[in-house]
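Data from my_file_19.cif: mmCIF, C-alpha atoms and all ligand atoms
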```cif
data_work
#
loop_
_atom_site.label_atom_id
_atom_site.label_comp_id
_atom_site.auth_asym_id
_atom_site.auth_seq_id
_atom_site.Cartn_x
_atom_site.Cartn_y
_atom_site.Cartn_z
CA MET A 1 116.62 137.92 127.87
CA VAL A 2 118.82 137.13 124.90
CA GLU A 3 117.20 137.89 121.55
CA ARG A 4 117.90 135.23 119.00
CA GLU A 5 119.19 136.71 115.77
CA ASP A 6 116.59 136.66 113.01
CA LEU A 7 118.31 134.91 110.13
CA ARG A 8 115.38 135.52 107.84
CA ASP A 9 112.66 138.15 107.51
CA THR A 10 110.07 135.51 106.63
CA GLN A 11 109.03 133.96 109.93
CA ILE A 12 106.26 132.05 111.59
CA ILE A 13 105.47 133.55 114.97
CA VAL A 14 103.90 131.10 117.40
CA ASP A 15 102.14 132.55 120.44
CA LEU A 16 102.57 129.96 123.19
CA ASP A 17 100.17 131.83 125.47
CA LYS A 18 97.42 131.27 122.93
CA ILE A 19 98.19 127.55 122.81
CA GLU A 20 97.89 127.50 126.57
CA GLU A 21 94.58 129.38 126.51
CA ASN A 22 93.20 127.09 123.81
CA VAL A 23 94.12 123.96 125.76
CA ARG A 24 92.64 125.42 128.95
CA LEU A 25 89.41 126.01 127.05
CA ILE A 26 89.44 122.38 125.91
CA ASN A 27 90.24 121.17 129.45
CA ASN A 28 87.35 123.24 130.77
CA ILE A 29 84.69 121.94 128.40
CA VAL A 30 85.67 118.29 128.74
CA GLY A 31 86.18 118.39 132.52
CA GLU A 32 88.60 116.49 134.71
CA GLU A 33 87.16 113.04 134.04
CA ILE A 34 88.13 113.16 130.39
CA SER A 35 91.76 113.02 129.29
CA VAL A 36 93.15 115.09 126.44
CA MET A 37 95.42 113.53 123.83
CA ALA A 38 97.00 116.55 122.13
CA VAL A 39 97.62 115.87 118.45
CA VAL A 40 100.98 117.28 117.34
CA LYS A 41 101.50 115.33 114.12
CA ALA A 42 102.95 117.05 111.04
CA ASN A 43 105.33 119.05 113.21
CA GLY A 44 102.53 120.27 115.42
CA TYR A 45 100.46 121.31 112.39
CA GLY A 46 103.39 123.44 111.28
CA HIS A 47 103.88 125.16 114.65
CA GLY A 48 106.91 123.07 115.66
CA ALA A 49 106.04 119.98 117.73
CA VAL A 50 109.14 119.95 119.89
CA SER A 51 108.88 123.65 120.72
CA ILE A 52 105.20 123.67 121.64
CA ALA A 53 105.34 120.38 123.57
CA PRO A 54 106.40 121.93 126.92
CA THR A 55 103.38 124.25 126.85
CA LEU A 56 101.06 121.31 126.21
CA MET A 57 102.72 119.32 128.99
CA GLN A 58 102.26 122.19 131.42
CA CYS A 59 98.56 122.14 130.55
CA GLY A 60 98.47 118.52 131.66
CA VAL A 61 97.61 116.78 128.42
CA LYS A 62 97.69 113.01 128.92
CA TYR A 63 99.41 112.19 125.64
CA LEU A 64 101.19 113.88 122.78
CA ALA A 65 99.96 112.12 119.65
CA VAL A 66 101.75 111.94 116.32
CA ALA A 67 101.04 110.10 113.08
CA THR A 68 104.35 108.36 112.48
CA LEU A 69 107.27 106.69 114.22
CA THR A 70 109.67 109.33 112.87
CA GLU A 71 107.59 112.05 114.50
CA ALA A 72 107.48 110.14 117.78
CA LEU A 73 111.25 109.59 117.79
CA GLU A 74 111.87 113.29 117.21
CA LEU A 75 109.85 114.11 120.34
CA ARG A 76 111.31 111.22 122.33
CA ALA A 77 114.85 112.49 121.71
CA VAL A 78 113.96 115.68 123.57
CA PHE A 79 111.39 114.39 126.08
CA PRO A 80 112.65 111.08 127.47
CA SER A 81 109.58 110.15 129.48
CA TYR A 82 106.43 112.03 128.44
CA PRO A 83 103.66 109.73 127.14
CA LEU A 84 103.74 109.62 123.32
CA PHE A 85 101.19 108.00 121.05
CA ILE A 86 101.41 106.93 117.40
CA LEU A 87 98.02 107.26 115.67
CA GLY A 88 99.21 105.51 112.51
CA HIS A 89 100.47 102.08 111.58
CA THR A 90 104.07 101.12 112.32
CA PRO A 91 105.45 98.26 110.18
CA ASP A 92 106.63 95.12 111.99
CA ARG A 93 110.31 95.75 111.22
CA LEU A 94 110.16 99.04 113.16
CA LEU A 95 108.12 97.95 116.16
CA HIS A 96 111.24 97.43 118.28
CA TYR A 97 111.61 101.22 118.39
CA VAL A 98 108.26 101.76 120.04
CA VAL A 99 109.14 99.23 122.72
CA GLU A 100 112.64 100.57 123.31
CA LYS A 101 111.41 104.16 123.43
CA ASN A 102 108.24 103.53 125.47
CA ILE A 103 105.89 104.82 122.81
CA THR A 104 102.23 103.78 122.84
CA GLN A 105 101.32 102.24 119.50
CA THR A 106 98.09 101.85 117.52
CA ILE A 107 97.56 98.22 116.50
CA PHE A 108 94.74 96.14 115.03
CA SER A 109 96.15 92.61 114.80
CA LEU A 110 97.12 89.81 117.13
CA GLU A 111 100.33 89.34 115.14
CA GLN A 112 101.56 92.84 115.99
CA ALA A 113 100.55 92.37 119.63
CA GLN A 114 102.54 89.14 119.80
CA LEU A 115 105.53 90.73 118.13
CA LEU A 116 105.41 93.66 120.55
CA GLY A 117 105.05 91.22 123.45
CA SER A 118 108.11 89.24 122.47
CA LEU A 119 110.17 92.40 121.89
CA ALA A 120 109.06 93.76 125.27
CA LYS A 121 109.79 90.50 127.07
CA VAL A 122 113.44 90.55 126.00
CA LEU A 123 113.76 94.05 127.45
CA ASN A 124 111.73 93.18 130.54
CA LYS A 125 109.17 95.81 129.59
CA THR A 126 105.49 96.17 128.78
CA ALA A 127 104.47 97.41 125.35
CA ARG A 128 101.48 99.74 125.52
CA VAL A 129 98.90 99.71 122.72
CA HIS A 130 95.52 101.15 121.76
CA ILE A 131 93.37 99.04 119.44
CA LYS A 132 91.93 100.68 116.34
CA VAL A 133 88.40 99.80 115.34
CA ASP A 134 87.09 100.65 111.88
CA THR A 135 83.50 101.83 112.34
CA GLY A 136 83.10 103.06 108.77
CA PHE A 137 85.99 105.34 107.81
CA HIS A 138 87.85 102.38 106.25
CA ARG A 139 91.25 103.93 106.85
CA LEU A 140 92.83 102.06 109.74
CA GLY A 141 91.61 99.28 112.00
CA LYS A 142 89.35 96.28 111.60
CA SER A 143 85.57 96.19 111.51
CA PRO A 144 83.85 95.31 114.78
CA SER A 145 83.07 91.71 113.78
CA ALA A 146 82.83 88.65 116.01
CA SER A 147 86.17 87.46 114.70
CA PHE A 148 87.82 90.80 115.51
CA ALA A 149 86.29 90.61 119.01
CA ASP A 150 87.96 87.21 119.43
CA GLU A 151 91.22 88.68 118.16
CA VAL A 152 91.04 91.65 120.56
CA CYS A 153 90.39 89.33 123.50
CA LYS A 154 93.53 87.42 122.56
CA ILE A 155 95.47 90.69 122.23
CA CYS A 156 94.38 91.60 125.76
CA ALA A 157 95.92 88.36 127.01
CA VAL A 158 99.32 88.70 125.33
CA ALA A 159 102.12 88.75 127.89
CA ASN A 160 104.15 91.95 128.18
CA VAL A 161 101.47 93.90 126.30
CA GLU A 162 99.06 96.32 127.92
CA ALA A 163 95.95 97.01 125.83
CA GLU A 164 95.51 100.41 127.44
CA GLY A 165 92.98 101.83 125.01
CA ILE A 166 90.57 101.29 122.18
CA PHE A 167 89.60 103.89 119.61
CA SER A 168 87.90 104.72 116.37
CA HIS A 169 87.55 107.74 114.10
CA LEU A 170 84.46 109.53 112.83
CA ALA A 171 84.02 110.31 109.15
CA LEU A 172 81.76 113.24 110.21
CA VAL A 173 79.38 112.62 107.31
CA ASN A 174 76.23 113.67 109.17
CA GLU A 175 74.63 113.17 112.57
CA GLU A 176 72.93 109.92 111.59
CA GLU A 177 76.16 108.39 110.29
CA ASN A 178 78.13 109.67 113.33
CA GLU A 179 75.61 108.01 115.60
CA LYS A 180 75.87 104.76 113.64
CA GLN A 181 79.67 104.76 113.97
CA TYR A 182 79.49 105.64 117.65
CA ARG A 183 76.92 102.89 118.39
CA LEU A 184 79.00 100.30 116.52
CA PHE A 185 82.01 101.32 118.57
CA CYS A 186 80.17 101.27 121.92
CA ASP A 187 78.49 97.94 121.20
CA PHE A 188 81.85 96.46 120.31
CA ILE A 189 83.41 97.73 123.54
CA GLU A 190 80.46 96.36 125.53
CA SER A 191 80.85 92.93 123.96
CA LEU A 192 84.55 92.98 124.85
CA GLU A 193 83.89 94.10 128.40
CA SER A 194 81.34 91.35 128.88
CA ARG A 195 84.20 88.97 128.09
CA GLY A 196 86.43 90.57 130.70
CA CYS A 197 88.40 92.75 128.30
CA HIS A 198 88.59 96.28 129.76
CA PHE A 199 90.28 99.41 128.51
CA LYS A 200 91.48 102.42 130.44
CA TYR A 201 90.93 104.81 127.52
CA LYS A 202 88.12 104.82 124.94
CA HIS A 203 88.12 107.54 122.32
CA ILE A 204 86.54 108.59 119.05
CA ALA A 205 86.39 112.43 119.09
CA ASP A 206 88.67 114.74 117.10
CA SER A 207 88.44 118.55 117.41
CA ILE A 208 85.10 118.94 115.69
CA ALA A 209 83.43 116.08 117.55
CA THR A 210 84.87 117.30 120.87
CA VAL A 211 83.01 120.60 120.51
CA ASP A 212 79.96 119.59 118.49
CA TYR A 213 79.07 116.24 120.07
CA PRO A 214 79.80 116.16 123.82
CA ARG A 215 78.45 112.60 124.09
CA TYR A 216 81.24 111.32 121.86
CA ARG A 217 83.97 112.52 124.22
CA MET A 218 83.91 109.15 126.05
CA ASN A 219 86.87 109.38 128.45
CA MET A 220 89.50 110.77 126.09
CA VAL A 221 89.45 113.31 123.25
CA ARG A 222 91.99 113.81 120.45
CA PRO A 223 91.99 117.48 119.45
CA GLY A 224 94.49 118.79 116.94
CA ALA A 225 93.01 121.76 115.08
CA LEU A 226 91.47 123.24 118.25
CA ILE A 227 94.86 123.53 119.92
CA TYR A 228 96.06 125.73 117.09
CA GLY A 229 92.92 127.86 117.22
CA MET A 230 91.15 126.43 114.18
CA ARG A 231 87.38 126.68 114.54
CA GLY A 232 86.06 123.83 112.42
CA PHE A 233 83.01 123.11 114.61
CA HIS A 234 79.56 124.28 113.60
CA ILE A 235 77.10 123.16 116.29
CA GLY A 236 78.94 123.98 119.51
CA PHE A 237 81.37 126.82 120.08
CA LEU A 238 84.74 127.34 121.74
CA PRO A 239 86.54 130.70 121.48
CA VAL A 240 89.94 129.24 120.56
CA GLN A 241 92.32 131.70 118.94
CA GLN A 242 94.63 131.31 115.96
CA VAL A 243 98.12 130.71 117.33
CA LEU A 244 100.36 131.60 114.42
CA THR A 245 101.23 134.69 112.47
CA PHE A 246 103.15 134.42 109.20
CA ARG A 247 105.15 137.53 108.43
CA THR A 248 107.87 138.86 106.17
CA ALA A 249 109.43 142.17 105.12
CA ILE A 250 109.74 143.96 101.78
CA SER A 251 113.09 143.19 100.14
CA GLU A 252 112.90 145.58 97.17
CA LEU A 253 110.62 148.16 95.56
CA HIS A 254 110.17 148.71 91.82
CA ALA A 255 108.51 151.57 90.02
CA VAL A 256 106.69 149.80 87.20
CA PRO A 257 105.37 152.06 84.43
CA LYS A 258 101.83 151.50 83.15
CA GLY A 259 101.64 148.61 80.68
CA GLN A 260 104.78 146.76 81.81
CA GLY A 261 104.55 143.16 82.98
CA VAL A 262 105.68 141.57 86.25
CA GLY A 263 106.98 138.06 86.88
CA TYR A 264 106.85 134.84 84.83
CA ASP A 265 104.98 135.30 81.56
CA TYR A 266 104.43 138.94 82.56
CA LEU A 267 101.17 137.58 83.86
CA TRP A 268 100.33 140.82 85.63
CA LYS A 269 100.54 144.04 83.67
CA ALA A 270 100.57 147.39 85.44
CA PRO A 271 97.19 149.07 84.84
CA ARG A 272 98.74 152.41 85.84
CA ASP A 273 102.16 153.59 86.94
CA SER A 274 102.66 151.31 89.95
CA ILE A 275 104.94 150.52 92.86
CA VAL A 276 105.66 146.83 93.15
CA ALA A 277 107.20 145.25 96.27
CA THR A 278 109.20 142.06 96.19
CA LEU A 279 108.49 139.82 99.18
CA PRO A 280 110.89 137.02 100.17
CA PHE A 281 108.38 134.17 100.55
CA GLY A 282 107.02 131.70 98.04
CA TYR A 283 105.42 128.33 97.64
CA ALA A 284 108.49 126.59 99.10
CA ASP A 285 107.57 128.40 102.32
CA GLY A 286 104.21 126.65 102.28
CA TYR A 287 102.20 129.43 100.68
CA PRO A 288 99.59 127.98 98.33
CA ARG A 289 100.73 128.67 94.77
CA ASN A 290 97.13 128.78 93.60
CA LEU A 291 96.49 131.95 95.64
CA ARG A 292 98.04 133.84 92.74
CA ASP A 293 95.02 135.92 91.88
CA GLU A 294 93.50 136.20 95.33
CA GLY A 295 96.40 136.41 97.77
CA TYR A 296 97.23 139.59 99.60
CA VAL A 297 99.38 140.81 102.46
CA ILE A 298 98.88 143.66 104.91
CA ILE A 299 101.55 146.34 104.78
CA ASN A 300 101.31 149.44 106.94
CA GLY A 301 97.64 148.67 107.56
CA VAL A 302 96.78 148.42 103.86
CA LYS A 303 95.83 145.40 101.80
CA ALA A 304 98.46 144.83 99.10
CA PRO A 305 97.36 142.27 96.49
CA LEU A 306 99.87 139.67 95.34
CA ILE A 307 100.40 140.04 91.60
CA GLY A 308 101.70 137.73 88.91
CA VAL A 309 102.94 134.21 89.54
CA ILE A 310 103.94 133.17 93.05
CA CYS A 311 107.53 131.94 92.70
CA MET A 312 109.24 129.30 94.79
CA ASP A 313 110.98 131.79 97.09
CA GLN A 314 109.51 135.18 96.30
CA CYS A 315 106.40 136.93 95.16
CA MET A 316 105.38 140.45 94.25
CA ALA A 317 102.70 142.73 95.64
CA ASP A 318 101.13 145.89 94.31
CA VAL A 319 101.93 148.46 96.99
CA THR A 320 100.93 151.57 95.06
CA GLU A 321 98.30 152.33 97.70
CA VAL A 322 100.53 151.70 100.72
CA PRO A 323 101.43 154.97 102.47
CA ASN A 324 105.14 155.69 102.97
CA VAL A 325 106.11 152.28 101.68
CA THR A 326 109.78 151.42 102.26
CA VAL A 327 112.11 148.47 101.96
CA GLY A 328 112.10 146.46 105.20
CA MET A 329 108.49 147.27 106.01
CA GLU A 330 106.63 144.36 107.58
CA ALA A 331 104.12 142.39 105.52
CA ILE A 332 101.62 140.13 107.29
CA ILE A 333 100.94 137.00 105.24
CA TYR A 334 98.61 135.20 107.69
CA GLY A 335 97.37 137.01 110.78
CA ASP A 336 94.44 137.08 113.17
CA GLY A 337 92.37 139.15 110.77
CA GLU A 338 92.00 142.12 113.09
CA ASP A 339 94.34 144.21 110.97
CA GLY A 340 92.58 143.01 107.81
CA SER A 341 95.15 140.25 107.44
CA MET A 342 94.34 136.92 105.85
CA THR A 343 93.38 134.39 108.52
CA ILE A 344 94.14 130.69 108.11
CA ASP A 345 90.41 130.20 107.59
CA LYS A 346 90.38 132.75 104.77
CA ALA A 347 93.52 131.30 103.17
CA ALA A 348 91.89 127.85 103.22
CA LYS A 349 88.74 129.14 101.55
CA LEU A 350 90.66 131.05 98.88
CA ALA A 351 92.99 128.13 98.19
CA GLY A 352 90.10 125.68 98.00
CA THR A 353 91.29 123.51 100.87
CA ASN A 354 90.85 123.18 104.64
CA LYS A 355 92.53 124.98 107.52
CA ASN A 356 94.57 121.98 108.66
CA ASP A 357 96.08 121.72 105.16
CA ILE A 358 97.17 125.37 105.20
CA ILE A 359 99.04 125.05 108.50
CA ALA A 360 100.28 121.45 108.24
CA ARG A 361 101.92 122.26 104.90
CA LEU A 362 104.08 124.99 106.44
CA PRO A 363 107.58 123.58 106.00
CA ALA A 364 110.62 123.87 108.24
CA ARG A 365 112.05 126.57 105.98
CA PRO A 366 110.62 129.72 107.55
CA PRO A 367 112.15 130.03 111.03
CA ARG A 368 109.70 129.74 113.92
CA LYS A 369 109.74 132.40 116.59
CA TYR A 370 108.08 131.54 119.88
CA ILE A 371 106.58 134.31 121.95
CA SER A 372 105.13 134.25 125.44
CA LYS A 373 104.56 136.87 128.08
CA LYS A 374 105.03 134.27 130.80
CA VAL A 375 108.40 132.69 130.30
CA THR A 376 111.78 133.83 129.13
CA LEU A 377 112.57 132.12 125.88
CA GLU A 378 115.99 131.63 124.44
C1 LIG A 401 94.76 114.03 113.01
C2 LIG A 401 93.90 113.20 113.86
C3 LIG A 401 93.16 113.79 114.89
C4 LIG A 401 93.08 115.28 115.12
O1 LIG A 401 92.25 115.84 114.14
P1 LIG A 401 91.76 117.38 114.21
O2 LIG A 401 90.68 117.44 113.21
O3 LIG A 401 92.93 118.23 113.86
O4 LIG A 401 91.30 117.59 115.60
C5 LIG A 401 92.44 112.94 115.73
N1 LIG A 401 92.45 111.59 115.54
C6 LIG A 401 93.14 111.01 114.54
C7 LIG A 401 93.11 109.53 114.39
C8 LIG A 401 93.88 111.79 113.66
O5 LIG A 401 94.56 111.21 112.67
#
```
Serialized structure, C-alpha cells:
Amino acid sequence: MVEREDLRDTQIIVDLDKIEENVRLINNIVGEEISVMAVVKANGYGHGAVSIAPTLMQCGVKYLAVATLTEALELRAVFPSYPLFILGHTPDRLLHYVVEKNITQTIFSLEQAQLLGSLAKVLNKTARVHIKVDTGFHRLGKSPSASFADEVCKICAVANVEAEGIFSHLALVNEEENEKQYRLFCDFIESLESRGCHFKYKHIADSIATVDYPRYRMNMVRPGALIYGMRGFHIGFLPVQQVLTFRTAISELHAVPKGQGVGYDYLWKAPRDSIVATLPFGYADGYPRNLRDEGYVIINGVKAPLIGVICMDQCMADVTEVPNVTVGMEAIIYGDGEDGSMTIDKAAKLAGTNKNDIIARLPARPPRKYISKKVTLE
C-alpha cells in the first residue's frame, strides 16, 4: 500500500468503514422494501462526496442526492452511470445538462417538464423527474391544490419525461404539524393515483423523520446527517457513529511570561507563566470563529483550551498542563469524544448552531484522508 504524502498537518480523517456501518444500520431499520436516497450535498457534508460515493454505492443506495447541478456534474464526471438526484431547482437555461448527463431532477411546473421533454426528445432520451409538493415548508414545490393536481397529471403525460417520483419535506415543527404535512401529501398522491397518475417513489423523510417516525418512510427515505453519524433524532434511536476526525499538529511552542498577551488585541493574557502552542488551523479551515472562548483541542490526552482570537489560518492553545508537550504533537480538533475530544455535537452546541452546519462548512482546504480496514486506498 502506497502512503500518500501528507502535504499538511491539518487534516480531516474520514472513516469509510463507519459510513458503511451507518448505512447498513439505515438499511436494516427501513428494510428491503424501502429505498435509500443518500444525501451527499455540500461535498458530502464536508466528507468529500466523490470519495465517499463508492462506499455508498457498495451499500446499495438507490440514489446519490445533491442540492445543485454543479454538485451533480462533479459526481457525474467520475461516476458515468450511477443514479444521481438534484434536490434543488435547476434554472431552465441549465436543464439540458440534466438530460445529457442522465440526472434525475426535482421539478414543480409543467413548463419545466415540457422543456425537459423537448430536450430529451432531440437526444432520443427520457428525462427523469420527481415532483416537489409544498406541504407547509414553503421552500420548494407547489401547494397540493386542485390546479397543481391538474398540472401534475399533465406533467405525467409529457412525452420523453418519466415522472418517477413525488416528494415533500417536513418542517419538523411538532408531531401534529408533521402529521398535517404527511396527510396533505398522502391525500394529494391519492387524488393523483385515482386519476391514473402513479409514481414509483414517494418520499418525505429526512434523517430525523427516518428514525423518529417510521410511518413517514413511505417507500424511500432521504438521510444525510445519519450517514455521517449525526444523531439528531430524539424519539427513536440508531447507533450511528461520527465518521470524521479533524486533526492537526503543533507548529510552534512559546513560553509566555505571566501578564503578557497573545494574539490580536492581546485578547488573552497569561494568568501565570504559560506555554502556548500555535496550531495551523483557523476559521478558513471551517472552524467556527465564535468558539474563541470555548474551543479546545486534545493534546497528549489533555484538554488544551484555545486562547485569544481564532485567526484565519492559525490559533493558539494553552498547553501549560500538557505533559511532555513538543512541536509536532497531534492535536484533535473534532473527535469521537472518547478521548475527551470535542464531538461535532459539542462543537455545534458551543458555536450556537447545528451539527450539519459544523460539518457542511468544512471547506476543501484541509486535505481529506480516507481510512478503511477493508480496502487498500491510494
Ligand atoms: C438536505 C436534505 C435532506 C437530508 O437532510 P438530513 O437532515 O441531513 O437528513 C433530505 N431532503 C432534502 C430535501 C434535503 O434538502
Test item: residues no farther than 10 Å from ligand LIG 401 (chain A), counting all atoms listed in the file, as an mmCIF file with C-alpha atoms, keeping the file's coordinate frame:
```cif
data_model
loop_
_atom_site.group_PDB
_atom_site.id
_atom_site.type_symbol
_atom_site.label_atom_id
_atom_site.label_comp_id
_atom_site.auth_asym_id
_atom_site.auth_seq_id
_atom_site.Cartn_x
_atom_site.Cartn_y
_atom_site.Cartn_z
ATOM 1 C CA MET A 37 95.420 113.530 123.830
ATOM 2 C CA ALA A 38 97.000 116.550 122.130
ATOM 3 C CA VAL A 39 97.620 115.870 118.450
ATOM 4 C CA VAL A 40 100.980 117.280 117.340
ATOM 5 C CA LYS A 41 101.500 115.330 114.120
ATOM 6 C CA ALA A 42 102.950 117.050 111.040
ATOM 7 C CA GLY A 44 102.530 120.270 115.420
ATOM 8 C CA TYR A 45 100.460 121.310 112.390
ATOM 9 C CA ALA A 65 99.960 112.120 119.650
ATOM 10 C CA VAL A 66 101.750 111.940 116.320
ATOM 11 C CA ALA A 67 101.040 110.100 113.080
ATOM 12 C CA ILE A 86 101.410 106.930 117.400
ATOM 13 C CA LEU A 87 98.020 107.260 115.670
ATOM 14 C CA GLY A 88 99.210 105.510 112.510
ATOM 15 C CA THR A 106 98.090 101.850 117.520
ATOM 16 C CA LYS A 132 91.930 100.680 116.340
ATOM 17 C CA ARG A 139 91.250 103.930 106.850
ATOM 18 C CA LEU A 140 92.830 102.060 109.740
ATOM 19 C CA PHE A 167 89.600 103.890 119.610
ATOM 20 C CA SER A 168 87.900 104.720 116.370
ATOM 21 C CA HIS A 169 87.550 107.740 114.100
ATOM 22 C CA LEU A 170 84.460 109.530 112.830
ATOM 23 C CA HIS A 203 88.120 107.540 122.320
ATOM 24 C CA ILE A 204 86.540 108.590 119.050
ATOM 25 C CA ALA A 205 86.390 112.430 119.090
ATOM 26 C CA ASP A 206 88.670 114.740 117.100
ATOM 27 C CA SER A 207 88.440 118.550 117.410
ATOM 28 C CA ILE A 208 85.100 118.940 115.690
ATOM 29 C CA ALA A 209 83.430 116.080 117.550
ATOM 30 C CA THR A 210 84.870 117.300 120.870
ATOM 31 C CA VAL A 221 89.450 113.310 123.250
ATOM 32 C CA ARG A 222 91.990 113.810 120.450
ATOM 33 C CA PRO A 223 91.990 117.480 119.450
ATOM 34 C CA GLY A 224 94.490 118.790 116.940
ATOM 35 C CA ALA A 225 93.010 121.760 115.080
ATOM 36 C CA LEU A 226 91.470 123.240 118.250
ATOM 37 C CA ILE A 227 94.860 123.530 119.920
ATOM 38 C CA TYR A 228 96.060 125.730 117.090
ATOM 39 C CA MET A 230 91.150 126.430 114.180
ATOM 40 C CA ARG A 231 87.380 126.680 114.540
ATOM 41 C CA GLY A 232 86.060 123.830 112.420
ATOM 42 C CA PHE A 233 83.010 123.110 114.610
ATOM 43 C CA LYS A 355 92.530 124.980 107.520
ATOM 44 C CA ASN A 356 94.570 121.980 108.660
ATOM 45 C CA ASP A 357 96.080 121.720 105.160
ATOM 46 C CA ALA A 360 100.280 121.450 108.240
#
```
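Here atom CA of Asp318 of chain A is placed at a distance of 24.3 Å from atom CA of Leu362 of chain A.
Checking A:Met218, A:Ile155, A:Val243, A:Tyr213 one by one against Leu192 of chain A, counting all atoms listed in the file, you find the shortest gap at A:Ile155.
With distances restricted to all atoms listed in the file, A:Leu244 is the closest residue to Tyr370 of chain A from A:Leu244, A:Ala113, A:Leu25, A:Val152.
Among A:Thr245, A:His198, A:Gly259, A:Asp285, the residue with the shortest atom-to-atom distance to Leu16 of chain A, counting only C-alpha atoms, is A:Thr245.
Our summary of the geometry notes that atom CA of Pro280 of chain A is positioned 6.7 Å from atom CA of Thr10 of chain A.
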(message) Show me, as a list in words, the residues that have an atom within 12 Å of Glu179 of chain A when counting all atoms listed in the file, minus same-chain residues fewer than 6 positions from it.
(response) Thr135, Gly136, Leu170, Ala171, Leu172, Val173, Phe185, Cys186, Asp187, Ile204, Ala209, Tyr213, Arg215 and Tyr216 of chain A
(request) One decimal, Å: what's the distance from atom CA of Thr326 of chain A over to atom CA of Ala277 of chain A, could you say? (result) 9.0 Å
(message) My list of candidates is A:Gly48, A:Leu7, A:Pro144, A:Thr55. Which is closest to Lys374 of chain A when distances are computed with all atoms listed in the file?
(response) A:Thr55
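Within 12 Å of Pro83 of chain A, once only C-alpha atoms are used and residues closer than 4 positions along the same chain are dropped, the contacting residues are Val36, Met37, Ala38, Ala53, Leu56, Met57, Gly60, Val61, Lys62, Tyr63, Leu64, Ala65, Val66, Ala72, Leu75, Arg76, Phe79, Val98, Lys101, Asn102, Ile103, Thr104, Gln105, Arg128 and Val129 of chain A.
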Could the residues in this selection be written to a file with C-alpha atoms, as a tab-separated table (two decimals), in the frame of the given file?
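Below is the file that was written, again.tsv:
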```tsv
chain	number	residue	atom	x	y	z
A	36	VAL	CA	93.15	115.09	126.44
A	37	MET	CA	95.42	113.53	123.83
A	38	ALA	CA	97.00	116.55	122.13
A	53	ALA	CA	105.34	120.38	123.57
A	56	LEU	CA	101.06	121.31	126.21
A	57	MET	CA	102.72	119.32	128.99
A	60	GLY	CA	98.47	118.52	131.66
A	61	VAL	CA	97.61	116.78	128.42
A	62	LYS	CA	97.69	113.01	128.92
A	63	TYR	CA	99.41	112.19	125.64
A	64	LEU	CA	101.19	113.88	122.78
A	65	ALA	CA	99.96	112.12	119.65
A	66	VAL	CA	101.75	111.94	116.32
A	72	ALA	CA	107.48	110.14	117.78
A	75	LEU	CA	109.85	114.11	120.34
A	76	ARG	CA	111.31	111.22	122.33
A	79	PHE	CA	111.39	114.39	126.08
A	98	VAL	CA	108.26	101.76	120.04
A	101	LYS	CA	111.41	104.16	123.43
A	102	ASN	CA	108.24	103.53	125.47
A	103	ILE	CA	105.89	104.82	122.81
A	104	THR	CA	102.23	103.78	122.84
A	105	GLN	CA	101.32	102.24	119.50
A	128	ARG	CA	101.48	99.74	125.52
A	129	VAL	CA	98.90	99.71	122.72
```
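Using only C-alpha atoms, the nearest neighbour of Gly31 of chain A within the list A:Ala49, A:Leu279, A:Met220, A:Met312 is A:Met220.
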Padding of 4 Å on every side, edges along x, y and z, all listed atoms of segment 67-84 of chain A included: what centre and edge lengths in Å, to one decimal, does that box have, as AutoDock Vina command-line options?
```
--center_x 107.9 --center_y 111.2 --center_z 121.0 --size_x 21.8 --size_y 17.0 --size_z 25.0
```
